[in-house]
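Asker: Pasting structure_0.csv below, which is CSV, C-alpha atoms.
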chain,number,residue,atom,x,y,z
A,1,MET,CA,104.4,91.4,112.2
A,2,ASN,CA,101.7,88.7,111.7
A,3,ILE,CA,101.5,86.9,108.4
A,4,GLN,CA,98.9,88.7,106.2
A,5,TRP,CA,96.4,86.8,104.0
A,6,ALA,CA,95.0,88.5,101.0
A,7,ILE,CA,92.2,87.3,98.6
A,8,PRO,CA,91.6,89.0,95.3
A,9,SER,CA,87.9,88.5,94.4
A,10,TYR,CA,85.4,89.3,91.7
A,11,ARG,CA,81.7,88.3,91.6
A,12,ARG,CA,82.0,85.5,94.2
A,13,PRO,CA,80.8,86.9,97.5
A,14,LYS,CA,79.2,83.7,98.7
A,15,VAL,CA,81.9,81.4,97.4
A,16,CYS,CA,84.6,83.6,98.8
A,17,ALA,CA,83.1,83.6,102.3
A,18,GLU,CA,82.1,79.9,102.4
A,19,ALA,CA,85.2,78.6,100.7
A,20,THR,CA,88.4,80.5,101.1
A,21,VAL,CA,87.6,82.6,104.2
A,22,ASN,CA,86.1,79.6,106.0
A,23,THR,CA,89.1,77.4,104.9
A,24,LEU,CA,91.6,79.9,106.3
A,25,ILE,CA,89.8,80.5,109.6
A,26,THR,CA,89.2,76.7,110.1
A,27,ASN,CA,93.0,76.2,109.6
A,28,GLY,CA,94.0,78.7,112.3
A,29,VAL,CA,94.2,82.0,110.5
A,30,ASN,CA,93.1,85.0,112.5
A,31,PRO,CA,90.2,86.8,110.7
A,32,ASN,CA,91.8,90.1,111.5
A,33,ASP,CA,94.8,89.1,109.3
A,34,ILE,CA,92.6,88.4,106.3
A,35,THR,CA,91.8,91.1,103.6
A,36,ILE,CA,89.6,90.6,100.6
A,37,TYR,CA,90.4,93.0,97.7
A,38,LEU,CA,87.5,93.6,95.3
A,39,SER,CA,88.0,94.2,91.6
A,40,ASP,CA,84.6,95.8,91.7
A,41,PRO,CA,84.2,98.1,94.7
A,42,ASN,CA,80.4,98.2,94.2
A,43,GLU,CA,80.3,94.7,95.6
A,44,GLN,CA,81.4,95.8,99.1
A,45,ASP,CA,78.0,95.4,100.7
A,46,GLU,CA,77.3,92.0,99.1
A,47,TYR,CA,80.6,90.6,100.4
A,48,GLN,CA,80.1,92.1,103.9
A,49,LYS,CA,76.7,90.4,104.0
A,50,HIS,CA,78.2,87.0,103.5
A,51,LEU,CA,81.0,87.5,105.9
A,52,HIS,CA,78.7,87.7,108.9
A,53,ASN,CA,80.9,90.1,111.0
A,54,THR,CA,83.8,87.6,111.0
A,55,GLY,CA,86.3,90.5,111.3
A,56,VAL,CA,87.7,90.0,107.8
A,57,THR,CA,88.5,93.3,106.1
A,58,VAL,CA,87.1,94.1,102.6
A,59,LYS,CA,88.9,96.7,100.5
A,60,GLU,CA,88.8,98.2,97.0
A,61,GLY,CA,91.3,96.5,94.8
A,62,LYS,CA,92.0,97.0,91.1
A,63,ALA,CA,89.9,96.0,88.1
A,64,GLY,CA,91.1,92.8,86.5
A,65,VAL,CA,91.9,89.7,88.7
A,66,ALA,CA,95.5,89.5,87.6
A,67,HIS,CA,96.0,93.2,88.0
A,68,ASN,CA,94.4,93.0,91.4
A,69,ARG,CA,97.0,90.4,92.5
A,70,LYS,CA,99.7,92.8,91.6
A,71,HIS,CA,97.9,95.7,93.3
A,72,ILE,CA,97.7,93.6,96.5
A,73,GLN,CA,101.5,93.0,96.5
A,74,HIS,CA,102.1,96.7,96.4
A,75,SER,CA,99.5,97.4,99.1
A,76,TYR,CA,101.7,96.2,102.0
A,77,PRO,CA,104.9,97.5,103.5
A,78,GLU,CA,108.2,96.1,102.2
A,79,GLY,CA,109.1,92.9,104.1
A,80,THR,CA,105.5,92.0,105.0
A,81,GLN,CA,105.0,88.2,104.9
A,82,LEU,CA,102.0,88.0,102.6
A,83,VAL,CA,100.1,84.9,101.4
A,84,CYS,CA,97.8,85.5,98.5
A,85,CYS,CA,94.9,83.0,97.9
A,86,ASP,CA,92.2,82.5,95.3
A,87,ASP,CA,88.7,83.1,96.4
A,88,ASP,CA,87.3,79.6,95.9
A,89,LEU,CA,89.7,77.3,98.0
A,90,THR,CA,87.8,74.6,99.8
A,91,GLY,CA,90.8,72.8,101.4
A,92,ILE,CA,94.5,72.7,102.0
A,93,MET,CA,95.8,69.2,101.2
A,94,THR,CA,99.1,67.4,101.6
A,95,LYS,CA,100.5,64.2,100.1
A,96,SER,CA,100.0,61.4,102.6
A,97,LYS,CA,103.1,59.8,104.2
A,98,ASP,CA,102.6,56.6,102.1
A,99,GLY,CA,102.2,58.8,99.0
A,100,LYS,CA,99.0,57.3,97.8
A,101,LYS,CA,96.4,60.0,98.6
A,102,LEU,CA,95.8,63.6,99.7
A,103,VAL,CA,95.0,64.3,103.3
A,104,PRO,CA,94.2,67.6,105.1
A,105,LEU,CA,97.1,69.7,106.4
A,106,HIS,CA,97.3,68.9,110.1
A,107,ILE,CA,99.3,71.9,111.3
A,108,THR,CA,97.8,75.3,111.3
A,109,LEU,CA,98.2,77.5,108.2
A,110,PRO,CA,100.2,80.2,110.1
A,111,GLU,CA,102.6,77.4,111.3
A,112,PHE,CA,103.0,76.1,107.8
A,113,ALA,CA,103.4,79.6,106.3
A,114,GLU,CA,106.0,80.6,108.9
A,115,GLY,CA,108.1,77.6,107.9
A,116,ALA,CA,107.6,78.2,104.2
A,117,PHE,CA,108.8,81.8,104.5
A,118,ALA,CA,111.8,80.8,106.5
A,119,ARG,CA,112.9,78.0,104.1
A,120,SER,CA,112.3,80.1,100.9
A,121,LYS,CA,114.2,83.0,102.4
A,122,GLU,CA,117.2,80.7,103.1
A,123,ALA,CA,117.0,79.5,99.5
A,124,GLY,CA,117.2,83.1,98.3
A,125,ALA,CA,113.8,82.9,96.6
A,126,GLY,CA,111.5,85.9,96.3
A,127,ILE,CA,108.4,83.8,96.2
A,128,TRP,CA,107.2,80.3,97.4
A,129,GLY,CA,104.3,78.3,96.1
A,130,ILE,CA,102.6,74.9,96.0
A,131,TYR,CA,102.1,72.0,93.6
A,132,ALA,CA,99.5,72.9,91.0
A,133,ALA,CA,97.9,69.5,90.4
A,134,GLN,CA,95.5,68.0,93.0
A,135,ASN,CA,96.9,64.5,92.6
A,136,ALA,CA,99.1,62.9,95.3
A,137,MET,CA,100.7,60.5,92.7
A,138,PHE,CA,102.4,63.3,90.9
A,139,MET,CA,103.5,65.1,94.1
A,140,SER,CA,106.7,64.4,96.1
A,141,HIS,CA,107.9,64.7,99.6
A,142,THR,CA,110.3,67.5,98.7
A,143,GLU,CA,110.6,71.3,98.4
A,144,THR,CA,112.4,72.5,95.3
A,145,ALA,CA,114.4,75.6,94.6
A,146,GLY,CA,114.9,76.4,90.9
A,147,LEU,CA,112.6,77.3,88.0
A,148,ARG,CA,109.2,76.0,89.0
A,149,TYR,CA,105.7,77.1,88.3
A,150,ILE,CA,104.2,79.0,91.2
A,151,ILE,CA,100.5,78.9,90.7
A,152,ALA,CA,98.5,82.0,91.7
A,153,SER,CA,95.9,80.1,93.7
A,154,PHE,CA,98.1,80.0,96.8
A,155,PHE,CA,101.6,81.6,97.2
A,156,GLY,CA,103.7,83.6,99.6
A,157,THR,CA,106.0,86.6,99.1
A,158,THR,CA,107.9,89.1,101.2
A,159,THR,CA,109.4,91.1,98.4
A,160,VAL,CA,107.6,93.6,96.2
A,161,ASP,CA,109.9,94.1,93.2
A,162,LYS,CA,108.7,96.2,90.2
A,163,ASP,CA,110.5,93.8,87.9
A,164,VAL,CA,108.5,90.8,89.2
A,165,ALA,CA,105.2,92.3,90.4
A,166,ARG,CA,104.6,93.8,86.9
A,167,ASP,CA,101.2,95.1,86.1
A,168,ASP,CA,101.3,95.1,82.3
A,169,PHE,CA,100.1,91.7,81.4
A,170,LEU,CA,96.8,90.2,80.1
A,171,GLU,CA,94.1,89.4,82.7
A,172,SER,CA,94.5,85.7,82.6
A,173,SER,CA,96.1,82.9,84.5
A,174,GLY,CA,99.1,83.4,82.3
A,175,GLU,CA,100.2,86.1,84.8
A,176,ASP,CA,101.4,83.5,87.3
A,177,PHE,CA,103.5,81.7,84.7
A,178,LEU,CA,105.1,85.1,83.9
A,179,THR,CA,105.7,85.8,87.6
A,180,SER,CA,107.4,82.5,88.1
A,181,ILE,CA,109.8,83.2,85.3
A,182,LEU,CA,110.5,86.8,86.4
A,183,SER,CA,111.1,85.7,90.0
A,184,PHE,CA,113.5,83.1,88.7
A,185,LEU,CA,115.4,85.6,86.6
A,186,ARG,CA,115.5,88.2,89.4
A,187,TYR,CA,116.4,85.9,92.4
A,188,GLY,CA,117.8,82.8,90.8
A,189,CYS,CA,115.0,80.5,91.9
A,190,THR,CA,111.4,80.1,92.9
A,191,TYR,CA,110.7,77.8,95.9
A,192,ARG,CA,107.9,75.2,95.5
A,193,ILE,CA,106.4,73.1,98.3
A,194,ASP,CA,106.0,69.9,96.3
A,195,TRP,CA,103.9,68.1,99.0
A,196,LEU,CA,101.2,70.7,99.4
A,197,THR,CA,98.2,71.6,97.1
A,198,VAL,CA,94.8,73.2,97.5
A,199,LYS,CA,91.3,72.0,96.6
A,200,THR,CA,89.8,74.3,94.1
A,201,LYS,CA,88.0,74.3,90.7
A,202,TYR,CA,90.2,75.8,88.0
A,203,PHE,CA,88.3,77.7,85.2
A,204,ALA,CA,85.2,77.9,87.4
A,205,GLU,CA,82.5,80.5,87.1
A,206,GLY,CA,83.1,83.9,88.4
A,207,GLY,CA,86.6,85.4,88.8
A,208,ILE,CA,88.6,85.8,85.6
A,209,ASP,CA,86.0,83.9,83.6
A,210,GLU,CA,83.2,86.3,84.6
A,211,GLU,CA,85.4,89.3,84.0
A,212,LEU,CA,86.4,88.2,80.5
A,213,ASN,CA,82.8,87.0,79.6
A,214,GLU,CA,81.5,90.5,80.4
A,215,ARG,CA,83.9,91.8,77.8
A,216,GLY,CA,83.0,89.2,75.2
A,217,ILE,CA,86.3,87.2,75.5
A,218,LYS,CA,86.5,83.5,76.0
A,219,ARG,CA,88.7,82.4,78.9
A,220,GLN,CA,90.3,79.6,77.0
A,221,ASP,CA,91.2,81.9,74.1
A,222,ASP,CA,92.7,84.5,76.4
A,223,HIS,CA,94.6,81.8,78.3
A,224,THR,CA,96.1,80.4,75.2
A,225,THR,CA,97.1,83.8,73.8
A,226,ALA,CA,98.7,84.7,77.1
A,227,LEU,CA,100.8,81.5,77.3
A,228,GLN,CA,101.9,81.8,73.7
A,229,ARG,CA,103.0,85.3,74.4
A,230,ILE,CA,105.1,84.1,77.3
A,231,GLU,CA,106.7,81.5,75.1
A,232,GLN,CA,107.6,84.1,72.6
A,233,MET,CA,109.1,86.3,75.3
A,234,TYR,CA,111.1,83.6,76.9
A,235,PRO,CA,111.7,80.8,74.3
A,236,ASP,CA,114.7,79.4,76.2
A,237,LEU,CA,112.6,78.9,79.4
A,238,ALA,CA,109.1,78.1,78.3
A,239,THR,CA,107.3,75.9,75.8
A,240,THR,CA,103.6,75.7,75.2
A,241,TYR,CA,101.7,72.4,74.7
A,242,SER,CA,98.1,71.2,74.7
A,243,LYS,CA,96.9,69.0,77.6
A,244,ALA,CA,94.6,66.0,77.0
A,245,ASN,CA,91.5,68.2,77.6
A,246,GLY,CA,92.7,70.7,75.0
A,247,VAL,CA,93.7,73.4,77.5
A,248,THR,CA,97.0,75.1,76.6
A,249,ASN,CA,99.7,74.8,79.2
A,250,ILE,CA,103.4,75.8,79.6
A,251,ARG,CA,106.3,73.5,80.3
A,252,PHE,CA,109.3,75.2,81.9
A,253,LYS,CA,112.9,74.3,81.0
A,254,LYS,CA,113.9,72.3,84.0
A,255,HIS,CA,116.3,74.0,86.3
A,256,THR,CA,116.9,72.7,89.8
A,257,ALA,CA,119.2,74.4,92.2
A,258,PHE,CA,118.5,72.0,95.0
A,259,LYS,CA,115.8,70.0,96.8
A,260,ASN,CA,115.0,69.9,100.5
A,261,PRO,CA,113.2,67.0,102.2
A,262,ARG,CA,109.8,67.7,103.5
A,263,PRO,CA,109.9,68.7,107.2
A,264,GLU,CA,108.9,65.8,109.4
A,265,THR,CA,106.5,68.0,111.4
A,266,THR,CA,104.3,68.4,108.4
A,267,TYR,CA,103.4,64.7,108.1
A,268,LEU,CA,100.0,63.5,109.5
Spell out the structure here as structure tokens.
Answerer:
Amino acid sequence: MNIQWAIPSYRRPKVCAEATVNTLITNGVNPNDITIYLSDPNEQDEYQKHLHNTGVTVKEGKAGVAHNRKHIQHSYPEGTQLVCCDDDLTGIMTKSKDGKKLVPLHITLPEFAEGAFARSKEAGAGIWGIYAAQNAMFMSHTETAGLRYIIASFFGTTTVDKDVARDDFLESSGEDFLTSILSFLRYGCTYRIDWLTVKTKYFAEGGIDEELNERGIKRQDDHTTALQRIEQMYPDLATTYSKANGVTNIRFKKHTAFKNPRPETTYL
């Protein structure tokens, strides 16, 4: 079965088409393997208009962006190799060989994902992900199995487990912190590609922000509440702290099962 690429989206028809869909197709993904899942099914026509008959499928998802991500994982047969992406990605970037900057991924995304699935499966992980920060200086030429944050903007999974793909959490980015912990507890590790990241704008308009604003909830407040709740649930694994910009974040207790070197074929 071909790798499937899923995009949860809400109130971003133009951005989704021009950013993520274009990025995936430009990097070798077959449009027929891409599906957009809408939190609001009434936006179907607007999304189709911006896709210009690319062959990308648009389906009804579930209200709430975080809930929609869980719905997506339950929408494919067990064992499907599924990559889930945010709807506003504008690039797939790697740490340069000299380590000083970010450069575009030079192999196709299907080639990359095929390798990521194989190596994470060998590690016994139920999920693989990428480095969260868009900064080459903080990244490394490694792939790590252990307890690592798997950010929701770009991750792969082949296993739908009700204990991991839970649908009972707040609609905020705290959902991916929880998923990282649950996957670690269930499988013994998450698998993170430390040399890969994506170009995106976190806390941008639309998506979760739009969804919460329509309900009179501030994204930052909801984000903080969600992360504090995770800390209370798993005090031995997670600690909250404030970043320099005032945004609440979580620091996981460091657990490293092993590190693999970055595959030579992925260097530019």
Asker: Here's a test: counting all atoms listed in the file, identify every protein, DNA and RNA residue with an atom at most 8 Å from (92.2, 65.8, 97.1) in the file's coordinate frame, and state them as a list in words.
Answerer: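 Collected hits near the coordinates: Met93, Lys101, Leu102, Val103, Gln134, Asn135, Ala136, Val198 and Lys199 of chain A.
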Asker: A:Phe184, A:Phe112, A:Trp195, A:Phe177: which is nearest Thr142 of chain A, counting only C-alpha atoms?
Answerer: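 Selected residue with least distance to Thr142 of chain A: A:Trp195.
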Asker: Can you work out the spacing between atom CA of Thr108 of chain A and atom CA of Asn30 of chain A in Å, to one decimal?
Answerer: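 The value is 10.8 Å.
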Asker: Please report the interatomic distance between atom CA of Ser120 of chain A and atom CA of Ala145 of chain A in Å with one decimal.
Answerer: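 Interatomic distance, atom CA of Ser120 of chain A to atom CA of Ala145 of chain A: 8.0 Å.
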Asker: Mind checking which residues fall within 12 Å of Ala19 of chain A, counting all atoms listed in the file, ignoring those fewer than 2 positions away in the same chain, and posting them as a list of chain:residue names?
Answerer: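 The contact residues come out as A:Ile7, A:Arg12, A:Pro13, A:Lys14, A:Val15, A:Cys16, A:Ala17, A:Val21, A:Asn22, A:Thr23, A:Leu24, A:Ile25, A:Thr26, A:His50, A:Leu51, A:Cys85, A:Asp86, A:Asp87, A:Asp88, A:Leu89, A:Thr90, A:Gly91, A:Ile92, A:Val198, A:Lys199, A:Thr200, A:Lys201.
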Asker: With C-alpha atoms retained, export the selected residues as an mmCIF file, in the frame of the given file.
Answerer:
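Wrote it out as result-v4.cif, contents follow:
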data_model
loop_
_atom_site.group_PDB
_atom_site.id
_atom_site.type_symbol
_atom_site.label_atom_id
_atom_site.label_comp_id
_atom_site.auth_asym_id
_atom_site.auth_seq_id
_atom_site.Cartn_x
_atom_site.Cartn_y
_atom_site.Cartn_z
ATOM 1 C CA ILE A 7 92.200 87.300 98.600
ATOM 2 C CA ARG A 12 82.000 85.500 94.200
ATOM 3 C CA PRO A 13 80.800 86.900 97.500
ATOM 4 C CA LYS A 14 79.200 83.700 98.700
ATOM 5 C CA VAL A 15 81.900 81.400 97.400
ATOM 6 C CA CYS A 16 84.600 83.600 98.800
ATOM 7 C CA ALA A 17 83.100 83.600 102.300
ATOM 8 C CA VAL A 21 87.600 82.600 104.200
ATOM 9 C CA ASN A 22 86.100 79.600 106.000
ATOM 10 C CA THR A 23 89.100 77.400 104.900
ATOM 11 C CA LEU A 24 91.600 79.900 106.300
ATOM 12 C CA ILE A 25 89.800 80.500 109.600
ATOM 13 C CA THR A 26 89.200 76.700 110.100
ATOM 14 C CA HIS A 50 78.200 87.000 103.500
ATOM 15 C CA LEU A 51 81.000 87.500 105.900
ATOM 16 C CA CYS A 85 94.900 83.000 97.900
ATOM 17 C CA ASP A 86 92.200 82.500 95.300
ATOM 18 C CA ASP A 87 88.700 83.100 96.400
ATOM 19 C CA ASP A 88 87.300 79.600 95.900
ATOM 20 C CA LEU A 89 89.700 77.300 98.000
ATOM 21 C CA THR A 90 87.800 74.600 99.800
ATOM 22 C CA GLY A 91 90.800 72.800 101.400
ATOM 23 C CA ILE A 92 94.500 72.700 102.000
ATOM 24 C CA VAL A 198 94.800 73.200 97.500
ATOM 25 C CA LYS A 199 91.300 72.000 96.600
ATOM 26 C CA THR A 200 89.800 74.300 94.100
ATOM 27 C CA LYS A 201 88.000 74.300 90.700
#
Asker: Tell me, in Å to one decimal, how far atom CA of Gly146 of chain A is from atom CA of Lys97 of chain A.
Answerer: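 Result for atom CA of Gly146 of chain A versus atom CA of Lys97 of chain A: 24.3 Å, one decimal.
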Asker: Nearest to Ala133 of chain A among A:Lys70, A:Arg166, A:Lys259, A:Lys95, with distances taken over all atoms listed in the file: which residue is it?
Answerer: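 Nearest candidate to Ala133 of chain A out of A:Lys70, A:Arg166, A:Lys259, A:Lys95: A:Lys95.
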Asker: Quick one: of A:His106, A:Lys253, A:Lys243, A:His223, who's nearest to Leu196 of chain A, counting only C-alpha atoms?
Answerer: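 When distances to Leu196 of chain A are compared using only C-alpha atoms, the smallest one comes from A:His106.
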Asker: Calculated over all atoms listed in the file, which of the candidates A:Leu185, A:Asp45, A:Trp5, A:Leu268 has the smallest distance to Asp98 of chain A?
Answerer: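 Among the listed residues, the smallest separation from Asp98 of chain A belongs to A:Leu268.
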Asker: Can you work out which one of A:Val164, A:Pro261, A:Asp221, A:Glu18 has the shortest atom-to-atom distance to Lys49 of chain A, counting all atoms listed in the file?
Answerer: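 The answer is A:Glu18, which sits nearest to Lys49 of chain A.
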Asker: Quick one: residues within 9 Å of (122.1, 81.0, 92.2) (file frame), counting all atoms listed in the file, please, as a list in words.
Answerer: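 Those within range, by chain then number, are Gly124, Gly146, Tyr187, Gly188, Cys189 and Ala257 of chain A.
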Asker: Please write the residues from the selection above to a file, keeping C-alpha atoms, as a PDB file, keeping the file's coordinate frame.
Answerer:
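File part07.pdb, as written:
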ATOM      1  CA  GLY A 124     117.200  83.100  98.300  1.00  0.00           C
ATOM      2  CA  GLY A 146     114.900  76.400  90.900  1.00  0.00           C
ATOM      3  CA  TYR A 187     116.400  85.900  92.400  1.00  0.00           C
ATOM      4  CA  GLY A 188     117.800  82.800  90.800  1.00  0.00           C
ATOM      5  CA  CYS A 189     115.000  80.500  91.900  1.00  0.00           C
ATOM      6  CA  ALA A 257     119.200  74.400  92.200  1.00  0.00           C
TER       7      ALA A 257
END
Asker: Nearest to Glu231 of chain A among A:Asn249, A:Thr144, A:Ser183, A:Asn260, with distances taken over all atoms listed in the file: which residue is it?
Answerer: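 Closest residue, counting all atoms listed in the file: A:Asn249.
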Asker: Please provide the set of residues having any atom within 9 Å of Gln48 of chain A, restricted to all atoms listed in the file, with same-chain residues fewer than 6 positions apart removed, written as an NGL selection string.
Answerer: :A and (13 or 56-58)
